[in-house]
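Here is the structure we will look at.
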Amino acid sequence: MKWQPDATHFKPESKYMNTINDLSHFHHLIGNLFKWPEKPSDWNKYRLSEDQIEFYKKNGYLPNIKLLEDWQIDQLNKELVDLMDPEHPGHSLFYEFHSNESSDPATVLFHSLGQWRITLGFHDILWNPAFVMAASQLLDGRFVRFWHDQLFCKPANHGGVVAWHQDYSYWTNTRPMQHLTCWVGLDDSDIDNGCLRYIPGSHHWGLIEKPELAGEMDGIKGFLTSEQRDNFQAIPVEMKKGYGVFHHPLIVHGSYENRSNRSRRAVVLNVFADGTESATHEEILEGVPVIPAGEKLDGQFFPLLYPSSPW
């Protein structure tokens, strides 16, 4: 049975639900943004080619994968407007919420984790067939389990940077390293409004010390060898909205300021191969019960995405 909001949860004077259901209890599609394939052959249209997989293995990223239609983007952006309001009644369900994470007071970088627990669209995008099929292929056919989601929003004219970094340098509380990230544009992204940039092949450099994520753009360079600095050749990835780029947990990537008159909004979906374990006796995500080191990450907050059932 699909979940439906109870009409008694709405206040006449409020645009929000008075009571917010924690959608992390639902490990399947519950809205109408996506349709789960009915038979095995229906998955074929979502499969990556061998050339795409080889490009990923060589370079550490794979850009321009179509994941969303315009009408789906419109719905997600409507939800995003509400989620950015600190007074939203689902605010307590975020793992992190930063109205402005930028260390530069002249710029703004909205960043959050955990919106999948709050709205239907950001919940169901985890089970987008195009996303989970590609994720499974890039994880060598392994079962795909959810790690956490993020929102990054750079407003027009003064959007802040996301400094050069490797994702896994922030995720060493999990092991082994068998993670994958998908950045999905909710706006067109280009050089002018701060698109993602990658250092091809840097996923072979090993783990590097982590910089401040929204701090100095080039902070990571202080931790690089002379050879790595010589090979620090960034490639910008410009994409139309609705397209995504997948990347390896060790590839060095970042994005510069948004100096355009257009916003640059994106949702980021982080996953790992089933069997990933906790590597800490401390809290992994804020509000999530402690999972002792050595125990598998699963259950309410780390659902299986593929293979999975739509109900």
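All residue names refer to the structure tokens as shown: chains lettered A, B, ... in order, residues numbered from 1 in each chain, ligands numbered from 1 in order.
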
Legend entry - Neighbour list for Ala266 of chain A as a VMD selection string, cut-off 6 Å, only C-alpha atoms, skip fewer than 5 positions in-chain: chain A and resid 151 to 152 184 to 186

Inset, instruction - Step one, run DSSP on the backbone; step two, keep only residues of segment 25-120 of chain A assigned to strand (DSSP E); then write them as a list of chain:residue names. - result: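 Matching residues, listed in order: A:Tyr61, A:Leu62, A:Pro63, A:Asn64, A:Ile65, A:Lys66, A:Glu96, A:Phe97, A:His98, A:Phe110, A:His111, A:Ser112, A:Leu113.
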
Keeping only C-alpha atoms, write those residues as a PDB file, in the first residue's frame.
ATOM      1  CA  TYR A  61      33.908   9.911 -13.116  1.00  0.00           C
ATOM      2  CA  LEU A  62      31.146   9.481 -15.701  1.00  0.00           C
ATOM      3  CA  PRO A  63      29.202  12.597 -16.803  1.00  0.00           C
ATOM      4  CA  ASN A  64      26.001  13.380 -18.679  1.00  0.00           C
ATOM      5  CA  ILE A  65      23.755  10.491 -17.664  1.00  0.00           C
ATOM      6  CA  LYS A  66      20.072  11.396 -18.123  1.00  0.00           C
ATOM      7  CA  GLU A  96      22.833  18.294   8.789  1.00  0.00           C
ATOM      8  CA  PHE A  97      21.382  21.650   7.746  1.00  0.00           C
ATOM      9  CA  HIS A  98      23.497  24.665   6.789  1.00  0.00           C
ATOM     10  CA  PHE A 110      23.278  25.967   1.182  1.00  0.00           C
ATOM     11  CA  HIS A 111      24.122  22.388   2.164  1.00  0.00           C
ATOM     12  CA  SER A 112      21.975  19.730   3.811  1.00  0.00           C
ATOM     13  CA  LEU A 113      21.890  15.984   4.432  1.00  0.00           C
TER      14      LEU A 113
END

Legend entry - Residues within 9 Å of Gly201 of chain A, only C-alpha atoms, excluding chain neighbours under 2 positions, as an NGL selection string: :A and (57-61 or 198-199 or 203-205 or 251-252)

Would you mind exporting C-alpha atoms of the selected residues as a PDB file, in the first residue's frame?
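The result, stored in out_14.pdb:
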ATOM      1  CA  LYS A  57      37.257   3.158 -14.483  1.00  0.00           C
ATOM      2  CA  LYS A  58      39.943   5.139 -16.293  1.00  0.00           C
ATOM      3  CA  ASN A  59      38.968   8.668 -15.286  1.00  0.00           C
ATOM      4  CA  GLY A  60      37.116   8.195 -11.990  1.00  0.00           C
ATOM      5  CA  TYR A  61      33.908   9.911 -13.116  1.00  0.00           C
ATOM      6  CA  TYR A 198      37.265  16.808 -11.737  1.00  0.00           C
ATOM      7  CA  ILE A 199      40.936  15.855 -11.751  1.00  0.00           C
ATOM      8  CA  HIS A 203      41.137   8.312  -7.860  1.00  0.00           C
ATOM      9  CA  HIS A 204      44.445   6.422  -8.149  1.00  0.00           C
ATOM     10  CA  TRP A 205      46.275   8.840  -5.805  1.00  0.00           C
ATOM     11  CA  ILE A 251      38.505  11.327  -7.167  1.00  0.00           C
ATOM     12  CA  VAL A 252      39.492  14.917  -6.393  1.00  0.00           C
TER      13      VAL A 252
END

Inset, instruction - Pick out the closest residue to Leu126 of chain A from this set: A:Asp140, A:Asp149, A:Glu87, A:Asp104. Count only C-alpha atoms. - result: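 Among A:Asp140, A:Asp149, A:Glu87, A:Asp104, it is A:Asp149 that comes nearest to Leu126 of chain A.
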
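Nearest residue to Ser136 of chain A, choosing from A:Thr181, A:Gln228, A:Ser99, A:Thr107 and counting only C-alpha atoms: A:Thr181.
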
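Distance check against Ala156 of chain A using only C-alpha atoms: of A:Ile53, A:Lys221, A:Ile73, A:Ser260, the minimum falls on A:Ser260.
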
Legend entry - Among listed residues A:Pro105, A:Gly275, A:Gly299, A:Gly121, nearest Asn32 of chain A (using only C-alpha atoms): A:Gly121

Legend entry - Which residue of A:His148, A:Arg262, A:His28, A:Lys154 approaches Trp171 of chain A most closely, using only C-alpha atoms: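 Distance minimum relative to Trp171 of chain A lands on A:His148.
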
Inset, instruction - Can you list, as a PyMOL selection string, all residues belonging to segment 50-276 of chain A that DSSP tags as alpha helix (DSSP H)? - result: chain A and resi 50-59+70-83+120-124+129-138+226-230

Inset, instruction - Point out the residue among A:Trp116, A:Trp127, A:Phe232, A:Phe301 with the least atom-to-atom distance to Val288 of chain A, counting only C-alpha atoms. - result: A:Phe301

Inset, instruction - Would you mind reading off the distance between atom CA of Gly294 of chain A and atom CA of His247 of chain A, one decimal, in Å? - result: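 Atom-to-atom, atom CA of Gly294 of chain A to atom CA of His247 of chain A, that is 25.8 Å.
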
Legend entry - Non-local contacts of Ser255 of chain A (8 Å; only C-alpha atoms; under 6 positions in same chain excluded) as a PyMOL selection string: chain A and resi 161-164+194-197

Inset, instruction - Mind giving me the straight-line distance from atom CA of Asn157 of chain A to atom CA of Asn258 of chain A in Å, one decimal? - result: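 Distance reported for this atom pair: 5.9 Å.
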
Legend entry - Nearby residues (only C-alpha atoms) at most 7 Å from Lys296 of chain A, same-chain spacing under 4 positions excluded, as a PyMOL selection string: chain A and resi 275-278

So that I can see what lies close to Met177 of chain A, please list as a short mmCIF file (atom, residue, chain, number, x, y, z; two decimals) with N, CA and C atoms, in the first residue's frame the residues with an atom at most 12 Å from it, counting only C-alpha atoms and leaving out residues fewer than 4 positions away in the same chain.
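Output below, filename selection_2.cif:
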data_model
loop_
_atom_site.label_atom_id
_atom_site.label_comp_id
_atom_site.auth_asym_id
_atom_site.auth_seq_id
_atom_site.Cartn_x
_atom_site.Cartn_y
_atom_site.Cartn_z
N LEU A 139 29.36 -0.31 -9.51
CA LEU A 139 29.83 -1.03 -8.33
C LEU A 139 30.06 -2.50 -8.67
N ASP A 167 35.59 12.54 -1.54
CA ASP A 167 34.45 12.22 -0.68
C ASP A 167 34.84 11.28 0.46
N TYR A 168 35.64 10.26 0.15
CA TYR A 168 35.89 9.25 1.18
C TYR A 168 36.72 9.79 2.33
N SER A 169 37.42 10.91 2.12
CA SER A 169 38.19 11.47 3.23
C SER A 169 37.28 11.91 4.37
N TYR A 170 35.97 12.12 4.08
CA TYR A 170 34.98 12.46 5.10
C TYR A 170 34.20 11.23 5.57
N TRP A 171 34.46 10.08 4.97
CA TRP A 171 33.65 8.90 5.22
C TRP A 171 34.45 7.73 5.79
N THR A 172 35.58 8.00 6.39
CA THR A 172 36.41 6.91 6.90
C THR A 172 35.80 6.22 8.11
N ASN A 173 34.60 6.68 8.51
CA ASN A 173 33.85 5.98 9.56
C ASN A 173 33.10 4.78 9.00
N HIS A 203 41.63 9.38 -8.74
CA HIS A 203 41.14 8.31 -7.86
C HIS A 203 42.20 7.24 -7.64
N GLY A 206 45.31 7.56 -3.97
CA GLY A 206 45.20 7.17 -2.58
C GLY A 206 44.47 8.22 -1.77
N LEU A 207 44.27 7.94 -0.48
CA LEU A 207 43.52 8.84 0.38
C LEU A 207 44.38 10.03 0.79
N HIS A 248 33.87 8.36 -8.38
CA HIS A 248 34.57 7.46 -7.45
C HIS A 248 34.80 8.18 -6.12
N PRO A 249 34.82 7.45 -5.00
CA PRO A 249 34.98 8.10 -3.68
C PRO A 249 36.34 8.75 -3.47
N LEU A 250 37.34 8.44 -4.31
CA LEU A 250 38.66 9.04 -4.13
C LEU A 250 39.01 10.10 -5.19
N VAL A 271 25.94 6.26 -2.25
CA VAL A 271 25.60 4.87 -1.99
C VAL A 271 26.88 4.08 -1.73
N PHE A 272 26.72 2.84 -1.26
CA PHE A 272 27.86 1.93 -1.18
C PHE A 272 27.37 0.52 -1.47
N ALA A 273 28.31 -0.36 -1.75
CA ALA A 273 27.97 -1.76 -2.00
C ALA A 273 27.50 -2.41 -0.71
N ASP A 274 26.51 -3.26 -0.83
CA ASP A 274 25.99 -3.99 0.32
C ASP A 274 27.12 -4.75 1.00
N GLY A 275 27.14 -4.72 2.31
CA GLY A 275 28.21 -5.36 3.08
C GLY A 275 29.15 -4.36 3.71
N THR A 276 28.99 -3.07 3.41
CA THR A 276 29.81 -2.03 4.03
C THR A 276 29.51 -1.98 5.53
N GLU A 277 30.55 -1.78 6.32
CA GLU A 277 30.43 -1.82 7.79
C GLU A 277 30.76 -0.48 8.43
N SER A 278 30.32 -0.33 9.66
CA SER A 278 30.75 0.79 10.48
C SER A 278 32.21 0.60 10.85
N ALA A 279 32.94 1.72 10.92
CA ALA A 279 34.34 1.69 11.35
C ALA A 279 34.55 2.54 12.59
#

Neighbouring residues of Leu76 of chain A were defined as those with any atom within 10 Å, considering only C-alpha atoms; residues of the same chain fewer than 6 positions away were excluded. Please report them as a short mmCIF file (atom, residue, chain, number, x, y, z; two decimals) with N, CA and C atoms, in the first residue's frame.
data_model
loop_
_atom_site.label_atom_id
_atom_site.label_comp_id
_atom_site.auth_asym_id
_atom_site.auth_seq_id
_atom_site.Cartn_x
_atom_site.Cartn_y
_atom_site.Cartn_z
N LEU A 33 6.62 10.03 -8.93
CA LEU A 33 7.67 10.58 -9.79
C LEU A 33 8.34 9.54 -10.66
N ASP A 70 11.95 17.04 -17.11
CA ASP A 70 11.69 18.41 -16.65
C ASP A 70 10.59 18.46 -15.59
N THR A 119 10.52 14.68 2.30
CA THR A 119 9.57 14.91 1.20
C THR A 119 9.53 13.73 0.24
N LEU A 120 8.39 13.58 -0.42
CA LEU A 120 8.17 12.42 -1.30
C LEU A 120 9.17 12.36 -2.44
N GLY A 121 9.41 13.50 -3.10
CA GLY A 121 10.29 13.49 -4.26
C GLY A 121 11.71 13.13 -3.92
N PHE A 122 12.25 13.73 -2.86
CA PHE A 122 13.63 13.45 -2.48
C PHE A 122 13.77 12.08 -1.83
N ILE A 125 13.57 9.64 -5.25
CA ILE A 125 14.68 9.72 -6.21
C ILE A 125 15.73 8.66 -5.91
N LEU A 186 19.73 20.12 -10.74
CA LEU A 186 18.36 20.62 -10.76
C LEU A 186 18.28 21.96 -11.49
N VAL A 267 21.08 17.82 -6.28
CA VAL A 267 20.91 16.81 -5.25
C VAL A 267 22.00 15.76 -5.47
#
